[in-house]
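Chemist: Pasting in a structure now, in structure tokens, and then I'll have a few things to ask.
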Amino acid sequence: MQKNSGVIVDSVCEQINSCAACSLCVNGAQKFIGQGDIQAEVMILDLFPIGRDILRQRLYQDKAGKWFLQLLADAGFRRGDLYMTTLVKCPVPKGEMPGKVSLKSCREHLLKQIEVINPEVVITLGESTLKALLPETKKKISVLRGDAISALGRTIIPTYHPTWVLSQAKKLREDELYKDLWRSYELVFPQTKRRKRIKKIPV
Ligand code: SF4
């Protein structure tokens, strides 16, 4: 897909950094805009960052996150293939969910971000993230996961949230998440032989 220049990406970052549209904004506090390659063809979309993610400006640094990063690598992805971000850009207090105003206002930022990064595929993690991105979605994530949904001028692939998967005793959920990541990789890099395949696709 055609890529925009870093200058346009910077202007979206500035808009996000100066935003105070909802109650999650704390004066002077940092926001999380994203990490990874702005030329990437695959965007990983989570719902919101927590304080630690903002401090480090990195997602997935805890146990569940590291496991998820390994799963992405096992499916074939390398660092330069991915851009990771969240729908809500300000930290959400522990144990809370972002409210409707935050989701709606921050979705506008995300739509601009998607437009300028212009990934071919957006992988959404968890039902709340999918429904915040595509509010018209009615079906449950267990029904929609792994589907290639055509929306916003690209392919959206919903899958489970890694933290939820790890909280389940069933190996089936891990296999399903892995399968969805595998499928996403194949959509973007159909001719590419996976560089180092550690795991096989679950059948
Ligand atoms: S959460 Fe989003 S909409 Fe709310 S203040 Fe932060 S950047 Fe703005």
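Labels for the structure tokens follow display order: chains A, B, ..., residues from 1 in each chain, ligands from 1.
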I'd like to know which residues of segment 39-179 of chain A are strand (DSSP E) (by DSSP, run on the backbone); could you write them as a short mmCIF file (atom, residue, chain, number, x, y, z; two decimals) with C-alpha atoms, in the first residue's frame?
Modeler:
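In the end it all went to out_18.cif:
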```cif
data_model
loop_
_atom_site.label_atom_id
_atom_site.label_comp_id
_atom_site.auth_asym_id
_atom_site.auth_seq_id
_atom_site.Cartn_x
_atom_site.Cartn_y
_atom_site.Cartn_z
CA VAL A 42 0.40 -4.71 9.72
CA MET A 43 -0.99 -2.73 12.64
CA ILE A 44 -1.60 -4.41 15.98
CA LEU A 45 -4.40 -2.62 17.77
CA ASP A 46 -4.99 -2.90 21.51
CA LEU A 82 4.57 -4.29 12.62
CA TYR A 83 3.27 -1.05 14.05
CA MET A 84 1.60 -1.41 17.45
CA THR A 85 -0.82 1.06 18.92
CA THR A 86 -3.87 1.50 21.13
CA VAL A 121 -4.08 -5.35 7.76
CA VAL A 122 -5.17 -4.24 11.23
CA ILE A 123 -5.24 -7.02 13.83
CA THR A 124 -7.57 -6.04 16.67
CA LEU A 125 -7.05 -7.66 20.08
CA ILE A 149 -13.37 -7.99 7.57
CA SER A 150 -13.20 -5.41 4.83
CA ALA A 151 -13.50 -1.99 6.48
CA ARG A 154 -8.21 -2.34 4.46
CA THR A 155 -8.59 -5.76 6.07
CA ILE A 156 -9.43 -5.96 9.76
CA ILE A 157 -8.66 -9.27 11.45
CA PRO A 158 -10.16 -9.58 14.92
CA THR A 159 -8.66 -11.99 17.38
#
```
Chemist: Using DSSP assignments from the backbone, pull out every residue in segment 4-145 of chain A that falls under helix (DSSP H, G or I) and give it to me as a PyMOL selection string.
Modeler: chain A and resi 6-17+51-56+63-74+79-81+100-117+127-133+141-144
Chemist: Give the residue list for ligand 1 at 8 Å, counting only C-alpha atoms and all ligand atoms, as a count of residues only, sorted by chain and then by residue number.
Modeler: 24
Chemist: Please compute the atom CA of Leu187 of chain A-atom CA of Leu72 of chain A distance, one decimal, in Å.
Modeler: 14.4 Å
Chemist: Nearest residue to Leu133 of chain A out of A:Glu108, A:Glu96, A:Glu115, A:Glu120, using only C-alpha atoms?
Modeler: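 For Leu133 of chain A, the nearest of the candidates is A:Glu108.
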Chemist: What is the distance between atom CA of Arg56 of chain A and atom CA of Val188 of chain A, in Å to one decimal?
Modeler: 29.0 Å
Chemist: By how many Å are atom CA of Asp37 of chain A and atom CA of Met1 of chain A apart?
Modeler: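 Taking atom CA of Asp37 of chain A and atom CA of Met1 of chain A, their separation equals 14.2 Å.
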Chemist: Of the candidates A:Pro162, A:Lys140, A:Val92, A:Gly99, which shows the shortest atom-to-atom distance to Gly51 of chain A, using only C-alpha atoms?
Modeler: A:Val92
Chemist: I need the residue nearest Gly126 of chain A from this list: A:Lys112, A:Arg145, A:Lys138, A:Lys171. Use only C-alpha atoms for the distance.
Modeler: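 Comparing A:Lys112, A:Arg145, A:Lys138, A:Lys171 against Gly126 of chain A, the winner is A:Arg145.
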Chemist: I need the residue nearest Leu59 of chain A from this list: A:Pro119, A:Gly76, A:Gly28, A:Gly34. Use only C-alpha atoms for the distance.
Modeler: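 Nearest to Leu59 of chain A: A:Gly34.
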Chemist: Would you list the contacts of Leu166 of chain A as JSON, numbers by chain, taking every protein, DNA or RNA residue within 12 Å and counting only C-alpha atoms, but skipping same-chain residues closer than 2 positions in sequence?
Modeler: {"A": [63, 64, 65, 66, 67, 68, 160, 161, 162, 163, 164, 168, 169, 170, 171, 172, 173, 174, 175, 177]}
Chemist: Residues of the last selection are to be written out with N, CA and C atoms, as a short mmCIF file (atom, residue, chain, number, x, y, z; two decimals), in the first residue's frame.
Modeler:
```
data_model
loop_
_atom_site.label_atom_id
_atom_site.label_comp_id
_atom_site.auth_asym_id
_atom_site.auth_seq_id
_atom_site.Cartn_x
_atom_site.Cartn_y
_atom_site.Cartn_z
N LYS A 63 4.52 -10.41 31.38
CA LYS A 63 4.63 -11.83 31.01
C LYS A 63 3.71 -12.17 29.83
N ALA A 64 2.45 -11.73 29.92
CA ALA A 64 1.50 -12.03 28.83
C ALA A 64 1.96 -11.36 27.54
N GLY A 65 2.49 -10.14 27.69
CA GLY A 65 2.93 -9.40 26.51
C GLY A 65 4.11 -10.06 25.82
N LYS A 66 5.06 -10.53 26.63
CA LYS A 66 6.24 -11.18 26.05
C LYS A 66 5.84 -12.48 25.34
N TRP A 67 4.89 -13.17 25.96
CA TRP A 67 4.39 -14.40 25.34
C TRP A 67 3.74 -14.07 23.98
N PHE A 68 2.99 -12.97 23.95
CA PHE A 68 2.32 -12.56 22.71
C PHE A 68 3.35 -12.18 21.64
N TYR A 160 -8.49 -12.79 19.65
CA TYR A 160 -8.59 -12.67 21.11
C TYR A 160 -7.47 -11.77 21.66
N HIS A 161 -7.72 -11.25 22.85
CA HIS A 161 -6.67 -10.50 23.53
C HIS A 161 -5.72 -11.50 24.21
N PRO A 162 -4.40 -11.32 24.04
CA PRO A 162 -3.46 -12.30 24.62
C PRO A 162 -3.61 -12.48 26.13
N THR A 163 -3.92 -11.39 26.84
CA THR A 163 -4.05 -11.52 28.29
C THR A 163 -5.22 -12.43 28.64
N TRP A 164 -6.31 -12.29 27.91
CA TRP A 164 -7.47 -13.15 28.13
C TRP A 164 -7.13 -14.60 27.78
N GLN A 168 -7.14 -18.29 30.25
CA GLN A 168 -7.98 -19.46 29.97
C GLN A 168 -7.16 -20.74 30.12
N ALA A 169 -7.81 -21.75 30.60
CA ALA A 169 -7.08 -23.01 30.76
C ALA A 169 -6.98 -23.75 29.43
N LYS A 170 -7.82 -23.37 28.48
CA LYS A 170 -7.90 -24.15 27.24
C LYS A 170 -6.80 -23.81 26.24
N LYS A 171 -6.08 -24.82 25.83
CA LYS A 171 -5.04 -24.67 24.82
C LYS A 171 -5.66 -24.24 23.48
N LEU A 172 -6.94 -24.60 23.30
CA LEU A 172 -7.64 -24.27 22.07
C LEU A 172 -7.57 -22.78 21.75
N ARG A 173 -7.74 -21.93 22.79
CA ARG A 173 -7.74 -20.48 22.57
C ARG A 173 -6.37 -20.00 22.09
N GLU A 174 -5.31 -20.57 22.64
CA GLU A 174 -3.96 -20.21 22.21
C GLU A 174 -3.78 -20.59 20.74
N ASP A 175 -4.25 -21.78 20.40
CA ASP A 175 -4.13 -22.22 19.01
C ASP A 175 -4.91 -21.30 18.07
N LEU A 177 -5.66 -18.08 18.55
CA LEU A 177 -4.95 -16.80 18.44
C LEU A 177 -3.78 -16.94 17.47
#
```
